[in-house]
Structure formats: C-alpha cells, structure tokens
$ cat query-v5.cif   # mmCIF, C-alpha atoms
data_data
loop_
_atom_site.label_atom_id
_atom_site.label_comp_id
_atom_site.auth_asym_id
_atom_site.auth_seq_id
_atom_site.Cartn_x
_atom_site.Cartn_y
_atom_site.Cartn_z
CA MET A 226 -156.08 54.15 3.54
CA GLY A 227 -156.49 54.29 7.32
CA GLY A 228 -152.83 53.56 7.93
CA ALA A 229 -151.83 56.36 5.56
CA PHE A 230 -154.20 58.79 7.30
CA ALA A 231 -152.75 57.88 10.69
CA LYS A 232 -149.15 58.28 9.45
CA HIS A 233 -149.79 61.78 8.12
CA LEU A 234 -151.76 62.86 11.18
CA LEU A 235 -148.93 61.72 13.44
CA GLN A 236 -146.44 63.64 11.30
CA ALA A 237 -148.69 66.69 11.57
CA GLY A 238 -148.41 66.55 15.36
CA PHE A 239 -151.74 64.98 16.28
CA ALA A 240 -152.05 62.42 19.07
CA VAL A 241 -153.61 59.45 17.27
CA ALA A 242 -155.30 56.39 18.73
CA GLY A 243 -156.51 53.73 16.33
CA PHE A 244 -157.76 50.21 15.80
CA ASP A 245 -157.05 47.77 12.98
CA PRO A 246 -158.00 44.08 13.21
CA ASP A 247 -154.77 43.19 11.36
CA PRO A 248 -152.01 42.81 14.01
CA ARG A 249 -149.33 43.74 11.47
CA ARG A 250 -151.04 47.03 10.73
CA ALA A 251 -151.45 47.71 14.44
CA SER A 252 -147.74 47.04 15.06
CA GLU A 253 -146.76 49.34 12.20
CA PHE A 254 -149.03 52.03 13.62
CA LYS A 255 -147.38 51.69 17.03
CA ARG A 256 -143.87 51.92 15.52
CA ARG A 257 -144.85 55.24 13.97
CA GLY A 258 -145.85 56.66 17.32
CA GLY A 259 -149.55 55.83 17.33
CA ASN A 260 -151.52 54.41 20.24
CA PRO A 261 -153.14 51.10 19.18
CA ALA A 262 -156.45 50.39 20.91
CA ALA A 263 -157.94 47.01 21.66
CA SER A 264 -161.15 47.77 19.76
CA GLY A 265 -163.01 50.35 17.78
CA ALA A 266 -165.16 50.97 20.85
CA ALA A 267 -162.07 51.94 22.84
CA VAL A 268 -161.10 54.50 20.19
CA ALA A 269 -164.66 55.84 20.04
CA ALA A 270 -164.82 56.30 23.80
CA ARG A 271 -161.49 58.10 23.93
CA CYS A 272 -161.41 60.46 20.92
CA ARG A 273 -163.63 63.41 20.08
CA THR A 274 -162.76 63.30 16.38
CA LEU A 275 -162.85 59.93 14.61
CA VAL A 276 -161.82 58.96 11.08
CA THR A 277 -163.20 55.72 9.65
CA SER A 278 -162.00 53.93 6.51
CA LEU A 279 -163.86 50.66 5.95
CA PRO A 280 -163.73 48.00 3.22
CA SER A 281 -167.32 46.74 3.10
CA ILE A 282 -170.94 47.40 4.01
CA LYS A 283 -170.74 44.68 6.66
CA ALA A 284 -167.69 46.30 8.24
CA CYS A 285 -169.31 49.74 8.17
CA GLU A 286 -172.48 48.51 9.87
CA ALA A 287 -170.47 46.64 12.49
CA VAL A 288 -168.17 49.58 13.30
CA PHE A 289 -171.05 52.01 13.67
CA LEU A 290 -174.11 50.01 14.71
CA ALA A 291 -172.91 46.92 16.61
CA ARG A 292 -173.04 46.65 20.37
CA ASP A 293 -169.39 47.67 20.57
CA GLY A 294 -169.72 50.27 17.81
CA ILE A 295 -169.38 54.01 17.54
CA ALA A 296 -173.06 54.81 18.12
CA ALA A 297 -172.99 52.96 21.43
CA HIS A 298 -169.64 54.19 22.75
CA ALA A 299 -168.73 57.61 21.33
CA ARG A 300 -169.46 60.62 23.52
CA ARG A 301 -172.01 63.27 22.62
CA GLY A 302 -170.41 65.96 20.49
CA THR A 303 -168.03 63.52 18.77
CA VAL A 304 -167.48 64.16 15.05
CA VAL A 305 -166.87 61.19 12.75
CA ILE A 306 -165.16 61.72 9.39
CA GLU A 307 -166.47 58.74 7.41
CA THR A 308 -164.23 58.28 4.35
CA SER A 309 -165.41 54.94 2.93
CA THR A 310 -167.15 54.38 -0.41
CA MET A 311 -170.52 52.91 0.55
CA PRO A 312 -174.11 52.86 -0.72
CA LEU A 313 -175.86 56.10 0.14
CA GLU A 314 -178.43 54.15 2.17
CA THR A 315 -175.67 52.74 4.40
CA LYS A 316 -174.21 56.20 4.99
CA ILE A 317 -177.63 57.63 5.87
CA ALA A 318 -178.36 54.75 8.27
CA VAL A 319 -175.18 55.29 10.29
CA HIS A 320 -175.66 59.07 10.16
CA GLU A 321 -179.15 58.82 11.61
CA ALA A 322 -178.22 56.23 14.25
CA CYS A 323 -175.36 58.41 15.49
CA ALA A 324 -177.34 61.66 15.31
CA ALA A 325 -179.88 60.16 17.69
CA ARG A 326 -177.06 59.89 20.25
CA GLY A 327 -175.61 63.36 19.67
CA ILE A 328 -172.79 62.15 17.40
CA THR A 329 -172.16 63.97 14.11
CA VAL A 330 -171.18 61.82 11.13
CA LEU A 331 -169.73 63.57 8.07
CA ASP A 332 -169.86 61.92 4.66
CA CYS A 333 -166.29 62.38 3.36
CA PRO A 334 -165.24 59.94 0.61
CA ILE A 335 -161.67 60.12 -0.68
CA SER A 336 -160.55 60.71 -4.24
CA GLY A 337 -157.28 58.84 -4.76
CA THR A 338 -155.63 55.44 -4.52
CA GLY A 339 -153.83 53.88 -1.58
CA ALA A 340 -150.52 54.96 -3.07
CA GLN A 341 -151.79 58.51 -3.38
CA ALA A 342 -152.99 58.40 0.23
CA ALA A 343 -149.50 57.29 1.29
CA ALA A 344 -148.08 60.34 -0.52
CA LYS A 345 -150.78 62.65 0.92
CA ASP A 346 -152.01 63.21 -2.63
CA ILE A 347 -155.74 62.76 -2.06
CA SER A 348 -158.78 65.01 -2.03
CA VAL A 349 -161.69 64.80 0.40
CA TYR A 350 -165.31 65.29 -0.71
CA ALA A 351 -166.71 66.52 2.62
CA SER A 352 -170.46 66.77 3.09
CA GLY A 353 -172.71 67.23 6.08
CA GLU A 354 -172.96 69.82 8.82
CA ARG A 355 -170.79 72.77 7.73
CA ALA A 356 -169.81 73.76 11.27
CA ALA A 357 -168.50 70.24 11.92
CA VAL A 358 -166.54 70.27 8.64
CA GLU A 359 -164.97 73.59 9.59
CA GLN A 360 -164.19 72.25 13.05
CA CYS A 361 -162.22 69.42 11.42
CA ALA A 362 -160.30 71.63 8.96
CA ASP A 363 -156.94 70.93 10.62
CA VAL A 364 -157.60 67.19 10.57
CA PHE A 365 -158.40 67.23 6.85
CA ALA A 366 -155.26 69.27 6.20
CA GLY A 367 -153.33 66.70 8.22
CA PHE A 368 -154.00 63.76 5.91
CA ALA A 369 -155.17 65.18 2.55
CA ARG A 370 -153.88 67.47 -0.18
CA SER A 371 -157.25 69.22 -0.44
CA MET A 372 -160.78 69.23 0.93
CA HIS A 373 -163.91 70.34 -0.91
CA TYR A 374 -167.03 71.19 1.07
CA CYS A 375 -169.82 69.67 -1.00
CA GLY A 376 -172.94 70.69 0.93
CA ALA A 377 -175.63 68.47 2.40
CA PHE A 378 -174.83 65.04 3.82
CA GLY A 379 -174.64 62.50 1.00
CA ASN A 380 -173.32 64.87 -1.63
CA GLY A 381 -169.81 63.60 -0.98
CA THR A 382 -170.87 60.05 -1.78
CA LYS A 383 -172.73 61.13 -4.91
CA LEU A 384 -169.61 62.94 -6.14
CA LYS A 385 -167.49 59.87 -5.31
CA PHE A 386 -169.79 57.76 -7.48
CA VAL A 387 -169.20 60.19 -10.35
CA ALA A 388 -165.44 60.16 -9.74
CA ASN A 389 -165.19 56.37 -9.56
CA LEU A 390 -167.34 55.96 -12.65
CA LEU A 391 -164.66 57.95 -14.46
CA VAL A 392 -161.85 55.99 -12.76
CA THR A 393 -163.43 52.73 -13.94
CA ILE A 394 -163.55 53.93 -17.53
CA HIS A 395 -160.18 55.71 -17.56
CA ASN A 396 -158.37 52.71 -16.06
CA LEU A 397 -159.70 50.50 -18.85
CA ALA A 398 -158.81 53.17 -21.43
CA ALA A 399 -155.23 53.23 -20.13
CA ALA A 400 -155.02 49.43 -20.40
CA GLU A 401 -156.44 49.52 -23.92
CA ALA A 402 -153.80 52.07 -24.94
CA ILE A 403 -150.96 50.01 -23.42
CA VAL A 404 -152.12 46.85 -25.22
CA LEU A 405 -152.38 48.68 -28.54
CA GLY A 406 -148.80 49.83 -27.99
CA LEU A 407 -147.72 46.27 -27.25
CA LYS A 408 -149.38 44.94 -30.40
CA SER A 409 -147.71 47.73 -32.36
CA GLY A 410 -144.26 46.73 -31.13
CA LEU A 411 -143.66 50.00 -29.32
CA ASP A 412 -141.30 50.34 -26.38
CA LEU A 413 -143.64 50.78 -23.41
CA ASP A 414 -141.35 53.08 -21.47
CA LEU A 415 -141.31 55.37 -24.50
CA LEU A 416 -145.09 55.07 -24.86
CA PHE A 417 -145.69 56.04 -21.25
CA LYS A 418 -143.30 58.99 -21.40
CA VAL A 419 -144.78 60.39 -24.63
CA ILE A 420 -148.48 59.83 -23.88
CA ARG A 421 -148.20 61.26 -20.37
CA ASP A 422 -146.91 64.49 -21.88
CA GLY A 423 -149.75 64.87 -24.38
CA ALA A 424 -153.49 65.38 -24.74
CA GLY A 425 -154.22 61.68 -24.26
CA ASN A 426 -152.98 61.65 -20.68
CA SER A 427 -155.25 61.00 -17.69
CA ARG A 428 -154.74 60.68 -13.96
CA MET A 429 -155.34 56.92 -14.23
CA PHE A 430 -152.79 56.62 -17.03
CA GLU A 431 -150.27 58.36 -14.75
CA VAL A 432 -151.07 56.28 -11.68
CA ARG A 433 -151.68 52.84 -13.21
CA GLY A 434 -149.74 53.10 -16.45
CA PRO A 435 -146.42 52.26 -14.70
CA LEU A 436 -147.94 49.06 -13.28
CA MET A 437 -149.16 48.08 -16.73
CA VAL A 438 -145.79 48.86 -18.31
CA ALA A 439 -144.01 46.79 -15.65
CA ASN A 440 -146.57 43.97 -15.89
CA ASP A 441 -146.56 43.73 -12.10
CA TYR A 442 -149.84 44.23 -10.23
CA SER A 443 -148.89 42.63 -6.92
CA ASP A 444 -148.33 45.90 -5.02
CA ALA A 445 -152.01 46.79 -5.11
CA HIS A 446 -153.06 50.41 -4.72
CA MET A 447 -156.65 49.17 -5.01
CA LYS A 448 -157.35 45.44 -5.09
CA CYS A 449 -159.68 44.14 -7.78
CA GLU A 450 -161.79 42.30 -5.19
CA VAL A 451 -162.26 45.50 -3.15
CA TYR A 452 -162.98 47.70 -6.14
CA GLN A 453 -165.70 45.31 -7.30
CA LYS A 454 -167.73 46.60 -4.37
CA ASP A 455 -167.44 50.14 -5.73
CA ILE A 456 -168.47 49.00 -9.22
CA ASP A 457 -171.54 47.22 -7.81
CA VAL A 458 -172.53 50.23 -5.68
CA ILE A 459 -172.22 52.71 -8.55
CA GLY A 460 -174.11 50.43 -10.93
CA ALA A 461 -176.97 49.99 -8.46
CA TYR A 462 -177.15 53.74 -7.81
CA ALA A 463 -177.26 54.61 -11.51
CA ALA A 464 -179.91 51.94 -12.12
CA LYS A 465 -182.03 53.32 -9.28
CA LEU A 466 -181.90 56.75 -10.92
CA ARG A 467 -182.54 55.22 -14.37
CA CYS A 468 -179.45 57.06 -15.58
CA PRO A 469 -177.68 55.66 -18.66
CA THR A 470 -174.00 54.85 -18.09
CA PRO A 471 -173.00 53.10 -21.35
CA LEU A 472 -169.21 53.35 -21.03
CA PHE A 473 -169.31 52.28 -17.38
CA GLU A 474 -171.47 49.27 -18.28
CA ALA A 475 -169.14 48.37 -21.13
CA SER A 476 -166.18 48.45 -18.71
CA LYS A 477 -167.64 46.10 -16.11
CA PRO A 478 -166.99 42.74 -17.84
CA TYR A 479 -163.24 43.37 -17.93
CA TYR A 480 -163.12 43.84 -14.16
CA SER A 481 -165.16 40.64 -13.73
CA SER A 482 -162.69 38.86 -16.02
CA ALA A 483 -159.79 40.07 -13.90
CA LEU A 484 -161.38 38.40 -10.86
CA ALA A 485 -162.08 35.21 -12.82
CA GLN A 486 -158.49 35.06 -14.07
CA GLY A 487 -156.94 35.14 -10.60
CA HIS A 488 -156.31 38.85 -10.11
CA ALA A 489 -158.60 39.36 -7.10
CA ARG A 490 -155.78 40.61 -4.87
CA ASP A 491 -153.93 42.43 -7.62
CA ASP A 492 -154.29 46.11 -8.43
CA THR A 493 -157.13 47.02 -10.77
CA ALA A 494 -154.49 47.85 -13.38
CA ALA A 495 -154.51 44.07 -13.94
CA ILE A 496 -157.33 44.54 -16.44
CA CYS A 497 -154.41 45.22 -18.79
CA ALA A 498 -153.50 41.53 -18.42
CA VAL A 499 -157.08 40.65 -19.37
CA LEU A 500 -156.81 42.65 -22.59
CA GLU A 501 -153.38 41.19 -23.33
CA ARG A 502 -154.83 37.71 -23.07
CA MET A 503 -157.60 38.66 -25.48
CA ALA A 504 -154.99 40.08 -27.84
CA GLY A 505 -152.89 36.90 -27.75
CA ILE A 506 -149.99 38.60 -25.97
CA GLU A 507 -147.95 36.68 -23.42
CA ARG A 508 -145.65 38.59 -21.07
CA LYS A 509 -143.92 37.09 -18.07
CA PRO A 510 -144.61 38.88 -14.77
CA SER A 511 -141.83 41.28 -13.80
CA HIS A 512 -141.56 39.62 -10.38
CA PRO A 513 -142.75 36.01 -10.75
CA ARG A 514 -141.50 35.07 -7.26
CA LYS A 515 -143.99 37.48 -5.70
CA ARG A 516 -146.84 35.81 -7.51
CA LYS A 517 -145.99 32.24 -6.58
CA GLY A 518 -148.91 30.59 -4.88
CA ARG A 519 -151.30 33.44 -5.61
CA LYS A 520 -154.88 32.26 -5.79
#

$ encode --input "query-v5.cif" --output "structure tokens"
Amino acid sequence: MGGAFAKHLLQAGFAVAGFDPDPRRASEFKRRGGNPAASGAAVAARCRTLVTSLPSIKACEAVFLARDGIAAHARRGTVVIETSTMPLETKIAVHEACAARGITVLDCPISGTGAQAAAKDISVYASGERAAVEQCADVFAGFARSMHYCGAFGNGTKLKFVANLLVTIHNLAAAEAIVLGLKSGLDLDLLFKVIRDGAGNSRMFEVRGPLMVANDYSDAHMKCEVYQKDIDVIGAYAAKLRCPTPLFEASKPYYSSALAQGHARDDTAAICAVLERMAGIERKPSHPRKRKGRK
C-alpha cells in the first residue's frame, strides 16, 4: 500500500520522502524519484504531512510511540494520515500521544486491495479534525480515487470494520460460486464473464474471481497471514459490542484453513483452494514454478 501511495504522489508532482525497512522497496521508491530516508524518524522530522501504512499493531506502536517514532520527532503542526487497519484502541492511543505534542493524527483507513491501490482505485475513509482533512485534500486526491469525510476520529476505522466484514463474506461467496461452477463442469472463463455481468456480481468477485479462475494466488493483493489480523480485530470489536455477525463468524474457519494448508503468503482468494479440497477437486497451480519451496 505505502509503495503505491508514494508512486501516485510522485506522479502527482509531490516531493516524497519515505522509509521502508525492506531494502528492495526502498530501492524501487528511489528509482521512481522518491527520497528514501534512513528511518521513520528522519521522515517525521522532515515532512509536515505524513502518510503511514502499517501491517501490525506492533509496527504501529513502534512507528508512533517508540523513542525514534513520530510522536518524538515530528514537528508541531504536522498532520499524519494514518491509513492502517488497526484496533480502535490502538488508533486512539497514537492519536492522544501525538496530540499531546501538537501533532494531528487522522484516522483514514483504505477501502481496496493492494492491486487497487496500485491502480489508484481506492477510497479513503477520513475521520478526525475536519480542518486537517481539508488541508490534506490534495494529498488524498494524489493517491486515491475518492475520499469520504466520516466525522469524528475513529469513525473511519468503524466504517473499515464494516467494509472488511463484507469483504470477508463476499470473498468466500465468490469462492463458493467458483467451486460450484467447477463441480458443475462449467468453463470458468465463461462463468466469470457471465456472472460479472449479472445481479450476482460483487466487487470481490471482480477483484478475486480472476485469481480463483486461474488457480494462482501467488501474486497476493492481500496475504492471508496479514488479513488474519483484520479478521481478529473485527471479531473482537463485534464481540465487545455484543453485536451478532453470523455470516462473518461462519466465514472465519475457511480463512484459518487457508493458513493451515500453506497459503499464509498467498492472496486471500486462496480460500477457493480450501473449498476445492473439501469438494474433492484437484487442480494443478497455473504457475507451479512460482510455488516451489513455498512454506
């Protein structure tokens, strides 16, 4: 996600400094015209508008709250566009820690996959101080298709929970439909073409259906091991509210099975392979060489 944001912002004419602990990502960023920094602290000290995209609670707490984090090094008046999917408590903690130092953190989760981010086909659920959101309007326009102002800080995360609850269910529904087609002996290219053009279509069917049809999940838009964090966060939030989520709960075992069956680093569309196994279907991977040695 962060690499896609940086690419689009550079194309939009922004001067972009950034940090990624992966040297390959940093080199790619530099080739595109970005200015790689030695640390997150160096970026925080230099830029007045920051965009963070983080994979875990641990990473979020480190980037914001550690000795070399944003709270300690960003200047007063800095605005942080925090785009990660995190527990609401984590977002509030970093918001409060930064506010105490005159730094404004906006809660701005992203709706869309990594592939959609690469195509600038994502939407931002922006919440927090309205003036700061308006101040960052050009930045949002630089890396996203749309931005929705959602009100008070935390509303963005709540809406992302709702959105990802639907993604979890719709992804499984797409896999279920593909497997039914397989068992029926249908040509999957035909199935995808026809269903996408009818009332049964969904955004997840459009985005992940091609991966399921191709039986190749190695080019992950969202890795199963990363998405498990989102599933856990949403489940805990719904349980805290004592809100029934029967379809979401029914979906969870299939994602766990995908992890258990070796798909941790594959796209979440790999739950189709889980259902195929249950249905007694055996398909060879489209690109077996890519998968050699996968753990």

$ resolve_selection --input "query-v5.cif" --expression "the PyMOL selection byres ((chain A and resi 395) around 10)" --output "list in words"
Asn389, Leu390, Leu391, Val392, Thr393, Ile394, Asn396, Leu397, Ala398, Ala399, Ala400, Glu401, Asn426, Ser427, Arg428, Met429, Phe430, Arg433, Leu472, Phe473 and Ser476 of chain A

$ closest_residue --input "query-v5.cif" --among "A:Lys509, A:Lys408, A:Lys345, A:His320" --to "Glu307 in chain A" --atoms "only C-alpha atoms"
A:His320

$ resolve_selection --input "query-v5.cif" --expression "the PyMOL selection byres ((chain A and resi 235) around 12)" --output "tab-separated table (two decimals) with C-alpha atoms, in the coordinates of the input"
chain	number	residue	atom	x	y	z
A	228	GLY	CA	-152.83	53.56	7.93
A	229	ALA	CA	-151.83	56.36	5.56
A	230	PHE	CA	-154.20	58.79	7.30
A	231	ALA	CA	-152.75	57.88	10.69
A	232	LYS	CA	-149.15	58.28	9.45
A	233	HIS	CA	-149.79	61.78	8.12
A	234	LEU	CA	-151.76	62.86	11.18
A	236	GLN	CA	-146.44	63.64	11.30
A	237	ALA	CA	-148.69	66.69	11.57
A	238	GLY	CA	-148.41	66.55	15.36
A	239	PHE	CA	-151.74	64.98	16.28
A	240	ALA	CA	-152.05	62.42	19.07
A	241	VAL	CA	-153.61	59.45	17.27
A	242	ALA	CA	-155.30	56.39	18.73
A	243	GLY	CA	-156.51	53.73	16.33
A	254	PHE	CA	-149.03	52.03	13.62
A	255	LYS	CA	-147.38	51.69	17.03
A	256	ARG	CA	-143.87	51.92	15.52
A	257	ARG	CA	-144.85	55.24	13.97
A	258	GLY	CA	-145.85	56.66	17.32
A	259	GLY	CA	-149.55	55.83	17.33
A	260	ASN	CA	-151.52	54.41	20.24
A	364	VAL	CA	-157.60	67.19	10.57
A	367	GLY	CA	-153.33	66.70	8.22
A	368	PHE	CA	-154.00	63.76	5.91

$ closest_residue --input "query-v5.cif" --among "A:Lys383, A:Ala439, A:Val288, A:Arg273" --to "Phe244 in chain A" --atoms "only C-alpha atoms"
A:Val288

$ atom_distance --input "query-v5.cif" --atom1 "CA of Cys375 in chain A" --atom2 "CA of Val349 in chain A"
9.6 Å

$ closest_residue --input "query-v5.cif" --among "A:Thr493, A:Thr329, A:Gln453, A:Thr470" --to "Ser352 in chain A" --atoms "only C-alpha atoms"
A:Thr329

$ atom_distance --input "query-v5.cif" --atom1 "CA of Cys323 in chain A" --atom2 "CA of Thr303 in chain A"
9.5 Å

$ closest_residue --input "query-v5.cif" --among "A:Gly327, A:Gly339, A:Gly434, A:Pro471" --to "Arg300 in chain A" --atoms "all atoms listed in the file"
A:Gly327

$ residues_near_point --input "query-v5.cif" --point "(-176.8, 68.3, 2.4)" --cutoff "8 Å" --atoms "only C-alpha atoms" --output "list in words"
Ser352, Gly353, Glu354, Cys375, Gly376, Ala377, Phe378, Gly379 and Asn380 of chain A

$ closest_residue --input "query-v5.cif" --among "A:Ala475, A:Ala424, A:Leu407, A:Val358" --to "Tyr374 in chain A" --atoms "all atoms listed in the file"
A:Val358

$ atom_distance --input "query-v5.cif" --atom1 "CA of Ile347 in chain A" --atom2 "CA of Leu500 in chain A"
28.8 Å

$ decode --input "query-v5.cif" --residues "range 474-490 of chain A" --atoms "N, CA and C atoms" --output "tab-separated table (two decimals), in the first residue's frame"
chain	number	residue	atom	x	y	z
A	474	GLU	N	-18.83	-14.87	11.24
A	474	GLU	CA	-18.34	-15.97	12.07
A	474	GLU	C	-18.27	-17.27	11.28
A	475	ALA	N	-19.26	-17.48	10.41
A	475	ALA	CA	-19.26	-18.70	9.60
A	475	ALA	C	-18.12	-18.71	8.58
A	476	SER	N	-17.65	-17.52	8.19
A	476	SER	CA	-16.57	-17.41	7.21
A	476	SER	C	-15.20	-17.70	7.80
A	477	LYS	N	-15.02	-17.40	9.07
A	477	LYS	CA	-13.69	-17.43	9.68
A	477	LYS	C	-12.95	-18.76	9.56
A	478	PRO	N	-13.60	-19.92	9.74
A	478	PRO	CA	-12.85	-21.17	9.67
A	478	PRO	C	-12.17	-21.42	8.32
A	479	TYR	N	-12.73	-20.89	7.25
A	479	TYR	CA	-12.15	-21.12	5.93
A	479	TYR	C	-10.85	-20.34	5.75
A	480	TYR	N	-10.77	-19.17	6.36
A	480	TYR	CA	-9.53	-18.40	6.34
A	480	TYR	C	-8.47	-19.07	7.22
A	481	SER	N	-8.91	-19.62	8.36
A	481	SER	CA	-7.97	-20.37	9.21
A	481	SER	C	-7.45	-21.60	8.48
A	482	SER	N	-8.33	-22.26	7.72
A	482	SER	CA	-7.91	-23.44	6.96
A	482	SER	C	-6.90	-23.07	5.88
A	483	ALA	N	-7.08	-21.91	5.27
A	483	ALA	CA	-6.13	-21.47	4.26
A	483	ALA	C	-4.73	-21.33	4.86
A	484	LEU	N	-4.65	-20.78	6.06
A	484	LEU	CA	-3.36	-20.67	6.74
A	484	LEU	C	-2.79	-22.05	7.04
A	485	ALA	N	-3.64	-22.94	7.55
A	485	ALA	CA	-3.19	-24.28	7.92
A	485	ALA	C	-2.74	-25.10	6.72
A	486	GLN	N	-3.27	-24.79	5.55
A	486	GLN	CA	-2.96	-25.55	4.35
A	486	GLN	C	-1.83	-24.93	3.53
A	487	GLY	N	-1.11	-23.99	4.11
A	487	GLY	CA	0.09	-23.46	3.47
A	487	GLY	C	-0.10	-22.24	2.61
A	488	HIS	N	-1.22	-21.52	2.78
A	488	HIS	CA	-1.50	-20.36	1.95
A	488	HIS	C	-1.23	-19.03	2.66
A	489	ALA	N	-0.42	-19.04	3.71
A	489	ALA	CA	-0.22	-17.83	4.51
A	489	ALA	C	0.21	-16.64	3.67
A	490	ARG	N	1.08	-16.86	2.70
A	490	ARG	CA	1.60	-15.76	1.89
A	490	ARG	C	0.87	-15.61	0.57
